[in-house]
$ cat start33.pdb   # PDB, C-alpha atoms and all ligand atoms
ATOM      1  CA  MET A   6       0.000   0.000   0.000  1.00  0.00           C
ATOM      2  CA  LYS A   7       1.482   3.343  -1.062  1.00  0.00           C
ATOM      3  CA  THR A   8       1.579   6.383   1.192  1.00  0.00           C
ATOM      4  CA  VAL A   9       0.290   9.903   0.628  1.00  0.00           C
ATOM      5  CA  PHE A  10       2.012  12.555   2.700  1.00  0.00           C
ATOM      6  CA  VAL A  11       0.020  15.592   3.830  1.00  0.00           C
ATOM      7  CA  PHE A  12       2.298  18.289   5.209  1.00  0.00           C
ATOM      8  CA  ASN A  13       0.932  21.340   7.020  1.00  0.00           C
ATOM      9  CA  GLY A  14       3.044  24.379   7.793  1.00  0.00           C
ATOM     10  CA  PRO A  15       2.936  27.197  10.328  1.00  0.00           C
ATOM     11  CA  ASN A  16      -0.172  28.130  12.289  1.00  0.00           C
ATOM     12  CA  LEU A  17      -2.284  25.345  10.825  1.00  0.00           C
ATOM     13  CA  ASN A  18      -2.249  23.716  14.271  1.00  0.00           C
ATOM     14  CA  LEU A  19      -4.558  26.614  15.221  1.00  0.00           C
ATOM     15  CA  LEU A  20      -7.280  25.586  12.744  1.00  0.00           C
ATOM     16  CA  GLY A  21     -10.704  25.777  14.355  1.00  0.00           C
ATOM     17  CA  THR A  22      -9.882  28.853  16.437  1.00  0.00           C
ATOM     18  CA  ARG A  23      -7.711  30.798  13.958  1.00  0.00           C
ATOM     19  CA  GLU A  24      -9.645  33.408  11.929  1.00  0.00           C
ATOM     20  CA  PRO A  25     -12.685  31.112  11.523  1.00  0.00           C
ATOM     21  CA  ASP A  26     -14.213  33.569   9.032  1.00  0.00           C
ATOM     22  CA  VAL A  27     -11.286  32.787   6.707  1.00  0.00           C
ATOM     23  CA  TYR A  28     -10.394  29.170   7.575  1.00  0.00           C
ATOM     24  CA  GLY A  29     -13.655  27.764   8.971  1.00  0.00           C
ATOM     25  CA  ALA A  30     -14.442  25.902  12.187  1.00  0.00           C
ATOM     26  CA  ALA A  31     -12.822  22.543  11.431  1.00  0.00           C
ATOM     27  CA  THR A  32      -9.749  21.587  13.440  1.00  0.00           C
ATOM     28  CA  LEU A  33      -6.576  19.994  12.104  1.00  0.00           C
ATOM     29  CA  ALA A  34      -7.807  16.696  13.615  1.00  0.00           C
ATOM     30  CA  ASP A  35     -10.988  17.055  11.517  1.00  0.00           C
ATOM     31  CA  VAL A  36      -8.818  17.664   8.439  1.00  0.00           C
ATOM     32  CA  GLN A  37      -6.811  14.536   9.219  1.00  0.00           C
ATOM     33  CA  GLN A  38     -10.065  12.516   9.309  1.00  0.00           C
ATOM     34  CA  LEU A  39     -11.087  13.892   5.893  1.00  0.00           C
ATOM     35  CA  CYS A  40      -7.675  12.857   4.557  1.00  0.00           C
ATOM     36  CA  GLU A  41      -7.896   9.393   6.157  1.00  0.00           C
ATOM     37  CA  ALA A  42     -11.247   8.836   4.436  1.00  0.00           C
ATOM     38  CA  ALA A  43      -9.906   9.994   1.059  1.00  0.00           C
ATOM     39  CA  CYS A  44      -6.864   7.726   1.325  1.00  0.00           C
ATOM     40  CA  ALA A  45      -9.016   4.778   2.407  1.00  0.00           C
ATOM     41  CA  ARG A  46     -11.199   5.264  -0.704  1.00  0.00           C
ATOM     42  CA  HIS A  47      -8.078   4.928  -2.860  1.00  0.00           C
ATOM     43  CA  GLY A  48      -6.498   2.087  -0.868  1.00  0.00           C
ATOM     44  CA  LEU A  49      -3.650   4.371   0.221  1.00  0.00           C
ATOM     45  CA  ALA A  50      -1.973   4.980   3.571  1.00  0.00           C
ATOM     46  CA  LEU A  51      -1.899   8.495   5.009  1.00  0.00           C
ATOM     47  CA  ASP A  52       1.062  10.177   6.708  1.00  0.00           C
ATOM     48  CA  PHE A  53      -0.330  13.452   8.067  1.00  0.00           C
ATOM     49  CA  ARG A  54       1.912  16.033   9.770  1.00  0.00           C
ATOM     50  CA  GLN A  55       2.096  19.657  10.906  1.00  0.00           C
ATOM     51  CA  THR A  56       5.055  21.815  11.898  1.00  0.00           C
ATOM     52  CA  ASN A  57       5.654  25.486  12.533  1.00  0.00           C
ATOM     53  CA  HIS A  58       9.284  25.179  11.369  1.00  0.00           C
ATOM     54  CA  GLU A  59      10.508  25.749   7.821  1.00  0.00           C
ATOM     55  CA  GLY A  60      13.541  23.425   8.079  1.00  0.00           C
ATOM     56  CA  VAL A  61      11.336  20.593   9.306  1.00  0.00           C
ATOM     57  CA  LEU A  62       9.210  20.975   6.167  1.00  0.00           C
ATOM     58  CA  VAL A  63      12.436  20.832   4.115  1.00  0.00           C
ATOM     59  CA  ASP A  64      13.424  17.567   5.848  1.00  0.00           C
ATOM     60  CA  TRP A  65       9.950  16.089   5.350  1.00  0.00           C
ATOM     61  CA  LEU A  66       9.957  16.957   1.627  1.00  0.00           C
ATOM     62  CA  HIS A  67      13.320  15.205   1.273  1.00  0.00           C
ATOM     63  CA  GLU A  68      11.882  12.162   3.086  1.00  0.00           C
ATOM     64  CA  ALA A  69       8.841  12.176   0.798  1.00  0.00           C
ATOM     65  CA  GLY A  70      11.090  12.401  -2.268  1.00  0.00           C
ATOM     66  CA  ARG A  71      13.086   9.377  -1.097  1.00  0.00           C
ATOM     67  CA  ALA A  72       9.897   7.408  -0.436  1.00  0.00           C
ATOM     68  CA  GLN A  73       8.526   8.324  -3.861  1.00  0.00           C
ATOM     69  CA  ALA A  74      11.792   7.278  -5.523  1.00  0.00           C
ATOM     70  CA  ALA A  75      11.646   3.980  -3.621  1.00  0.00           C
ATOM     71  CA  GLY A  76       8.099   3.408  -4.900  1.00  0.00           C
ATOM     72  CA  THR A  77       6.495   3.498  -1.453  1.00  0.00           C
ATOM     73  CA  ALA A  78       4.784   6.908  -1.753  1.00  0.00           C
ATOM     74  CA  LEU A  79       2.701   8.725  -4.365  1.00  0.00           C
ATOM     75  CA  GLY A  80       3.761  12.232  -3.376  1.00  0.00           C
ATOM     76  CA  ALA A  81       2.644  14.980  -1.039  1.00  0.00           C
ATOM     77  CA  VAL A  82      -0.147  17.457  -0.505  1.00  0.00           C
ATOM     78  CA  LEU A  83       1.519  20.582   0.908  1.00  0.00           C
ATOM     79  CA  ASN A  84      -0.145  23.470   2.690  1.00  0.00           C
ATOM     80  CA  ALA A  85       2.972  25.465   3.497  1.00  0.00           C
ATOM     81  CA  GLY A  86       0.976  28.302   5.072  1.00  0.00           C
ATOM     82  CA  ALA A  87       2.835  31.611   5.032  1.00  0.00           C
ATOM     83  CA  TYR A  88       6.089  29.917   3.942  1.00  0.00           C
ATOM     84  CA  THR A  89       4.375  29.580   0.557  1.00  0.00           C
ATOM     85  CA  HIS A  90       4.936  33.283   0.033  1.00  0.00           C
ATOM     86  CA  THR A  91       8.473  33.538   1.449  1.00  0.00           C
ATOM     87  CA  SER A  92      10.410  30.308   1.139  1.00  0.00           C
ATOM     88  CA  VAL A  93      13.008  29.749  -1.558  1.00  0.00           C
ATOM     89  CA  ALA A  94      14.171  26.844   0.644  1.00  0.00           C
ATOM     90  CA  LEU A  95      10.860  24.996   0.138  1.00  0.00           C
ATOM     91  CA  HIS A  96      11.000  25.682  -3.615  1.00  0.00           C
ATOM     92  CA  ASP A  97      14.513  24.203  -3.717  1.00  0.00           C
ATOM     93  CA  ALA A  98      13.539  21.262  -1.485  1.00  0.00           C
ATOM     94  CA  ILE A  99      10.684  20.179  -3.756  1.00  0.00           C
ATOM     95  CA  LYS A 100      12.872  20.463  -6.850  1.00  0.00           C
ATOM     96  CA  GLY A 101      15.855  18.809  -5.198  1.00  0.00           C
ATOM     97  CA  ALA A 102      13.864  15.932  -3.722  1.00  0.00           C
ATOM     98  CA  GLY A 103      11.942  15.310  -6.952  1.00  0.00           C
ATOM     99  CA  VAL A 104       8.747  14.842  -4.969  1.00  0.00           C
ATOM    100  CA  THR A 105       5.341  15.277  -6.622  1.00  0.00           C
ATOM    101  CA  VAL A 106       3.572  18.060  -4.712  1.00  0.00           C
ATOM    102  CA  ILE A 107       0.031  19.344  -4.843  1.00  0.00           C
ATOM    103  CA  GLU A 108       0.092  22.870  -3.409  1.00  0.00           C
ATOM    104  CA  LEU A 109      -3.005  23.465  -1.329  1.00  0.00           C
ATOM    105  CA  HIS A 110      -4.571  26.441   0.437  1.00  0.00           C
ATOM    106  CA  ILE A 111      -7.774  26.426   2.437  1.00  0.00           C
ATOM    107  CA  SER A 112      -8.566  30.021   1.513  1.00  0.00           C
ATOM    108  CA  ASN A 113      -8.540  31.594  -1.941  1.00  0.00           C
ATOM    109  CA  VAL A 114      -5.190  33.322  -1.529  1.00  0.00           C
ATOM    110  CA  HIS A 115      -5.731  35.275  -4.765  1.00  0.00           C
ATOM    111  CA  ALA A 116      -8.775  37.002  -3.306  1.00  0.00           C
ATOM    112  CA  ARG A 117      -6.785  38.111  -0.242  1.00  0.00           C
ATOM    113  CA  GLU A 118      -3.878  40.498   0.444  1.00  0.00           C
ATOM    114  CA  ALA A 119      -1.400  41.081  -2.399  1.00  0.00           C
ATOM    115  CA  PHE A 120       1.437  39.464  -0.400  1.00  0.00           C
ATOM    116  CA  ARG A 121      -0.440  36.139  -0.623  1.00  0.00           C
ATOM    117  CA  HIS A 122      -0.639  36.246  -4.430  1.00  0.00           C
ATOM    118  CA  HIS A 123       2.918  35.068  -5.023  1.00  0.00           C
ATOM    119  CA  SER A 124       3.899  31.460  -4.341  1.00  0.00           C
ATOM    120  CA  PHE A 125       7.454  30.097  -4.310  1.00  0.00           C
ATOM    121  CA  ILE A 126       5.895  26.607  -4.266  1.00  0.00           C
ATOM    122  CA  ALA A 127       3.721  26.926  -7.386  1.00  0.00           C
ATOM    123  CA  PRO A 128       6.510  26.649 -10.013  1.00  0.00           C
ATOM    124  CA  THR A 129       7.614  23.356  -8.448  1.00  0.00           C
ATOM    125  CA  ALA A 130       4.125  21.948  -7.823  1.00  0.00           C
ATOM    126  CA  ARG A 131       2.366  19.432 -10.060  1.00  0.00           C
ATOM    127  CA  ALA A 132      -0.898  21.300  -9.386  1.00  0.00           C
ATOM    128  CA  VAL A 133      -2.220  24.133  -7.240  1.00  0.00           C
ATOM    129  CA  MET A 134      -5.531  24.305  -5.353  1.00  0.00           C
ATOM    130  CA  ALA A 135      -6.994  27.125  -3.281  1.00  0.00           C
ATOM    131  CA  GLY A 136     -10.320  28.244  -1.892  1.00  0.00           C
ATOM    132  CA  PHE A 137     -12.220  25.003  -1.275  1.00  0.00           C
ATOM    133  CA  GLY A 138     -11.967  25.294   2.494  1.00  0.00           C
ATOM    134  CA  VAL A 139     -10.802  22.190   4.327  1.00  0.00           C
ATOM    135  CA  ARG A 140     -12.657  20.067   1.752  1.00  0.00           C
ATOM    136  CA  GLY A 141      -9.760  20.933  -0.528  1.00  0.00           C
ATOM    137  CA  TYR A 142      -7.631  18.378   1.317  1.00  0.00           C
ATOM    138  CA  PRO A 143      -9.520  15.262   0.156  1.00  0.00           C
ATOM    139  CA  LEU A 144      -9.900  16.856  -3.285  1.00  0.00           C
ATOM    140  CA  ALA A 145      -6.128  17.355  -3.402  1.00  0.00           C
ATOM    141  CA  ILE A 146      -5.591  13.685  -2.514  1.00  0.00           C
ATOM    142  CA  ASP A 147      -7.988  12.721  -5.339  1.00  0.00           C
ATOM    143  CA  GLY A 148      -5.986  15.034  -7.601  1.00  0.00           C
ATOM    144  CA  LEU A 149      -2.646  13.538  -6.565  1.00  0.00           C
ATOM    145  CA  VAL A 150      -4.021  10.091  -7.378  1.00  0.00           C
ATOM    146  CA  ALA A 151      -5.358  11.351 -10.729  1.00  0.00           C
ATOM    147  CA  VAL A 152      -1.995  12.742 -11.826  1.00  0.00           C
ATOM    148  CA  THR A 153       0.185   9.902 -10.549  1.00  0.00           C
ATOM    149  CA  VAL A 154      -1.733   6.653 -11.026  1.00  0.00           C
ATOM    150  CA  ALA A 155      -1.835   5.486 -14.639  1.00  0.00           C
TER     151      ALA A 155
HETATM  152  C1  LIG B 201      -3.028  29.338   3.778  1.00  0.00           C
HETATM  153  C2  LIG B 201      -2.928  30.716   3.124  1.00  0.00           C
HETATM  154  C3  LIG B 201      -1.635  31.415   3.531  1.00  0.00           C
HETATM  155  O1  LIG B 201      -1.558  32.691   2.914  1.00  0.00           O
HETATM  156  C4  LIG B 201      -1.611  31.606   5.042  1.00  0.00           C
HETATM  157  O2  LIG B 201      -0.392  32.209   5.428  1.00  0.00           O
HETATM  158  C5  LIG B 201      -1.865  30.349   5.780  1.00  0.00           C
HETATM  159  C6  LIG B 201      -2.893  29.438   5.291  1.00  0.00           C
HETATM  160  C7  LIG B 201      -4.376  28.667   3.482  1.00  0.00           C
HETATM  161  O3  LIG B 201      -4.484  27.465   3.717  1.00  0.00           O
HETATM  162  O4  LIG B 201      -5.331  29.332   3.041  1.00  0.00           O
HETATM  163  O5  LIG B 201      -1.286  30.115   6.835  1.00  0.00           O
HETATM  164  O6  LIG B 201      -2.004  28.514   3.272  1.00  0.00           O
END

$ encode --input "start33.pdb" --output "structure tokens"
Amino acid sequence: MKTVFVFNGPNLNLLGTREPDVYGAATLADVQQLCEAACARHGLALDFRQTNHEGVLVDWLHEAGRAQAAGTALGAVLNAGAYTHTSVALHDAIKGAGVTVIELHISNVHAREAFRHHSFIAPTARAVMAGFGVRGYPLAIDGLVAVTVA
């Protein structure tokens, strides 16, 4: 059974209480359940994580790239939070690791402040999704399956 990684970046541990008008009422544990259900539908295993630290995301992307190269993982859904808009290191990590990434945002970042309109992840991502709320997570898993399974 292959694994799908779902990596969450800074402040996503606050889901449920953080700006609920923007991000909704669901918690990160609720999001994990949505992802578990999506993976179960596809016969895949889920590895779901959150960190507030950029370097940890770099290490996890490398790990996901190694697992993908070894044939044990499909790729990763990545909500890098604010690092999306700042991190050349994450851009380089995705490229360097050769991991298939679906970039995901809960909110429609393009309808928000101008500083959220640029993504350092997008040029390295296989696909980009934003604005579906937390339901975007299972959709992103469906999308990762669609682009990776022949
Ligand atoms: C986010 C959007 C980012 O701009 C923001 O910094 C986040 C969450 C989203 O899921 O909508 O932390 O990635």

$ closest_residue --input "start33.pdb" --among "A:Val114, A:Val139, A:Leu49, A:Ala151" --to "Thr8 (chain A)" --atoms "only C-alpha atoms"
A:Leu49

$ residues_near_ligand --input "start33.pdb" --ligand "ligand LIG 201 (chain B)" --cutoff "8 Å" --atoms "only C-alpha atoms and all ligand atoms" --output "PyMOL selection string"
chain A and resi 14-17+27-28+84-90+109-114+121+135-136+138

$ resolve_selection --input "start33.pdb" --expression "the PyMOL selection byres (((chain A and resi 143) around 10) and not hetatm)" --output "list in words"
Val36, Gln37, Gln38, Leu39, Cys40, Glu41, Ala42, Ala43, Cys44, Val82, Val139, Arg140, Gly141, Tyr142, Leu144, Ala145, Ile146, Asp147, Gly148 and Leu149 of chain A

$ resolve_selection --input "start33.pdb" --expression "the PyMOL selection byres (((chain A and resi 71-78) around 6) and not hetatm)" --output "ChimeraX atom specification"
/A:7-9,68-70,79-80

$ residues_near_point --input "start33.pdb" --point "(9.9, 23.5, 9.9)" --cutoff "12 Å" --atoms "only C-alpha atoms" --output "PyMOL selection string"
chain A and resi 12-16+54-66+85-88+92+94-95

$ atom_distance --input "start33.pdb" --atom1 "CA of Ala31 (chain A)" --atom2 "CA of Gly48 (chain A)"
24.7 Å

$ atom_distance --input "start33.pdb" --atom1 "CA of Asp52 (chain A)" --atom2 "CA of Phe10 (chain A)"
4.8 Å

$ closest_residue --input "start33.pdb" --among "A:Arg46, A:His67, A:Lys100, A:Arg23" --to "Ala127 (chain A)" --atoms "only C-alpha atoms"
A:Lys100

$ atom_distance --input "start33.pdb" --atom1 "CA of Ala50 (chain A)" --atom2 "CA of Leu33 (chain A)"
17.9 Å

$ closest_residue --input "start33.pdb" --among "A:Ala130, A:Ala30, A:Val154, A:Leu20" --to "Val106 (chain A)" --atoms "only C-alpha atoms"
A:Ala130

$ closest_residue --input "start33.pdb" --among "A:Ile99, A:Asp35, A:Thr91, A:Thr153" --to "His122 (chain A)" --atoms "only C-alpha atoms"
A:Thr91

$ closest_residue --input "start33.pdb" --among "A:Asp97, A:His47, A:Val152, A:Ala102" --to "Ile126 (chain A)" --atoms "only C-alpha atoms"
A:Asp97

$ decode --input "start33.pdb" --residues "region 53-141 of chain A" --atoms "C-alpha atoms" --output "PDB file, in the first residue's frame"
ATOM      1  CA  PHE A  53      -0.330  13.452   8.067  1.00  0.00           C
ATOM      2  CA  ARG A  54       1.912  16.033   9.770  1.00  0.00           C
ATOM      3  CA  GLN A  55       2.096  19.657  10.906  1.00  0.00           C
ATOM      4  CA  THR A  56       5.055  21.815  11.898  1.00  0.00           C
ATOM      5  CA  ASN A  57       5.654  25.486  12.533  1.00  0.00           C
ATOM      6  CA  HIS A  58       9.284  25.179  11.369  1.00  0.00           C
ATOM      7  CA  GLU A  59      10.508  25.749   7.821  1.00  0.00           C
ATOM      8  CA  GLY A  60      13.541  23.425   8.079  1.00  0.00           C
ATOM      9  CA  VAL A  61      11.336  20.593   9.306  1.00  0.00           C
ATOM     10  CA  LEU A  62       9.210  20.975   6.167  1.00  0.00           C
ATOM     11  CA  VAL A  63      12.436  20.832   4.115  1.00  0.00           C
ATOM     12  CA  ASP A  64      13.424  17.567   5.848  1.00  0.00           C
ATOM     13  CA  TRP A  65       9.950  16.089   5.350  1.00  0.00           C
ATOM     14  CA  LEU A  66       9.957  16.957   1.627  1.00  0.00           C
ATOM     15  CA  HIS A  67      13.320  15.205   1.273  1.00  0.00           C
ATOM     16  CA  GLU A  68      11.882  12.162   3.086  1.00  0.00           C
ATOM     17  CA  ALA A  69       8.841  12.176   0.798  1.00  0.00           C
ATOM     18  CA  GLY A  70      11.090  12.401  -2.268  1.00  0.00           C
ATOM     19  CA  ARG A  71      13.086   9.377  -1.097  1.00  0.00           C
ATOM     20  CA  ALA A  72       9.897   7.408  -0.436  1.00  0.00           C
ATOM     21  CA  GLN A  73       8.526   8.324  -3.861  1.00  0.00           C
ATOM     22  CA  ALA A  74      11.792   7.278  -5.523  1.00  0.00           C
ATOM     23  CA  ALA A  75      11.646   3.980  -3.621  1.00  0.00           C
ATOM     24  CA  GLY A  76       8.099   3.408  -4.900  1.00  0.00           C
ATOM     25  CA  THR A  77       6.495   3.498  -1.453  1.00  0.00           C
ATOM     26  CA  ALA A  78       4.784   6.908  -1.753  1.00  0.00           C
ATOM     27  CA  LEU A  79       2.701   8.725  -4.365  1.00  0.00           C
ATOM     28  CA  GLY A  80       3.761  12.232  -3.376  1.00  0.00           C
ATOM     29  CA  ALA A  81       2.644  14.980  -1.039  1.00  0.00           C
ATOM     30  CA  VAL A  82      -0.147  17.457  -0.505  1.00  0.00           C
ATOM     31  CA  LEU A  83       1.519  20.582   0.908  1.00  0.00           C
ATOM     32  CA  ASN A  84      -0.145  23.470   2.690  1.00  0.00           C
ATOM     33  CA  ALA A  85       2.972  25.465   3.497  1.00  0.00           C
ATOM     34  CA  GLY A  86       0.976  28.302   5.072  1.00  0.00           C
ATOM     35  CA  ALA A  87       2.835  31.611   5.032  1.00  0.00           C
ATOM     36  CA  TYR A  88       6.089  29.917   3.942  1.00  0.00           C
ATOM     37  CA  THR A  89       4.375  29.580   0.557  1.00  0.00           C
ATOM     38  CA  HIS A  90       4.936  33.283   0.033  1.00  0.00           C
ATOM     39  CA  THR A  91       8.473  33.538   1.449  1.00  0.00           C
ATOM     40  CA  SER A  92      10.410  30.308   1.139  1.00  0.00           C
ATOM     41  CA  VAL A  93      13.008  29.749  -1.558  1.00  0.00           C
ATOM     42  CA  ALA A  94      14.171  26.844   0.644  1.00  0.00           C
ATOM     43  CA  LEU A  95      10.860  24.996   0.138  1.00  0.00           C
ATOM     44  CA  HIS A  96      11.000  25.682  -3.615  1.00  0.00           C
ATOM     45  CA  ASP A  97      14.513  24.203  -3.717  1.00  0.00           C
ATOM     46  CA  ALA A  98      13.539  21.262  -1.485  1.00  0.00           C
ATOM     47  CA  ILE A  99      10.684  20.179  -3.756  1.00  0.00           C
ATOM     48  CA  LYS A 100      12.872  20.463  -6.850  1.00  0.00           C
ATOM     49  CA  GLY A 101      15.855  18.809  -5.198  1.00  0.00           C
ATOM     50  CA  ALA A 102      13.864  15.932  -3.722  1.00  0.00           C
ATOM     51  CA  GLY A 103      11.942  15.310  -6.952  1.00  0.00           C
ATOM     52  CA  VAL A 104       8.747  14.842  -4.969  1.00  0.00           C
ATOM     53  CA  THR A 105       5.341  15.277  -6.622  1.00  0.00           C
ATOM     54  CA  VAL A 106       3.572  18.060  -4.712  1.00  0.00           C
ATOM     55  CA  ILE A 107       0.031  19.344  -4.843  1.00  0.00           C
ATOM     56  CA  GLU A 108       0.092  22.870  -3.409  1.00  0.00           C
ATOM     57  CA  LEU A 109      -3.005  23.465  -1.329  1.00  0.00           C
ATOM     58  CA  HIS A 110      -4.571  26.441   0.437  1.00  0.00           C
ATOM     59  CA  ILE A 111      -7.774  26.426   2.437  1.00  0.00           C
ATOM     60  CA  SER A 112      -8.566  30.021   1.513  1.00  0.00           C
ATOM     61  CA  ASN A 113      -8.540  31.594  -1.941  1.00  0.00           C
ATOM     62  CA  VAL A 114      -5.190  33.322  -1.529  1.00  0.00           C
ATOM     63  CA  HIS A 115      -5.731  35.275  -4.765  1.00  0.00           C
ATOM     64  CA  ALA A 116      -8.775  37.002  -3.306  1.00  0.00           C
ATOM     65  CA  ARG A 117      -6.785  38.111  -0.242  1.00  0.00           C
ATOM     66  CA  GLU A 118      -3.878  40.498   0.444  1.00  0.00           C
ATOM     67  CA  ALA A 119      -1.400  41.081  -2.399  1.00  0.00           C
ATOM     68  CA  PHE A 120       1.437  39.464  -0.400  1.00  0.00           C
ATOM     69  CA  ARG A 121      -0.440  36.139  -0.623  1.00  0.00           C
ATOM     70  CA  HIS A 122      -0.639  36.246  -4.430  1.00  0.00           C
ATOM     71  CA  HIS A 123       2.918  35.068  -5.023  1.00  0.00           C
ATOM     72  CA  SER A 124       3.899  31.460  -4.341  1.00  0.00           C
ATOM     73  CA  PHE A 125       7.454  30.097  -4.310  1.00  0.00           C
ATOM     74  CA  ILE A 126       5.895  26.607  -4.266  1.00  0.00           C
ATOM     75  CA  ALA A 127       3.721  26.926  -7.386  1.00  0.00           C
ATOM     76  CA  PRO A 128       6.510  26.649 -10.013  1.00  0.00           C
ATOM     77  CA  THR A 129       7.614  23.356  -8.448  1.00  0.00           C
ATOM     78  CA  ALA A 130       4.125  21.948  -7.823  1.00  0.00           C
ATOM     79  CA  ARG A 131       2.366  19.432 -10.060  1.00  0.00           C
ATOM     80  CA  ALA A 132      -0.898  21.300  -9.386  1.00  0.00           C
ATOM     81  CA  VAL A 133      -2.220  24.133  -7.240  1.00  0.00           C
ATOM     82  CA  MET A 134      -5.531  24.305  -5.353  1.00  0.00           C
ATOM     83  CA  ALA A 135      -6.994  27.125  -3.281  1.00  0.00           C
ATOM     84  CA  GLY A 136     -10.320  28.244  -1.892  1.00  0.00           C
ATOM     85  CA  PHE A 137     -12.220  25.003  -1.275  1.00  0.00           C
ATOM     86  CA  GLY A 138     -11.967  25.294   2.494  1.00  0.00           C
ATOM     87  CA  VAL A 139     -10.802  22.190   4.327  1.00  0.00           C
ATOM     88  CA  ARG A 140     -12.657  20.067   1.752  1.00  0.00           C
ATOM     89  CA  GLY A 141      -9.760  20.933  -0.528  1.00  0.00           C
TER      90      GLY A 141
END
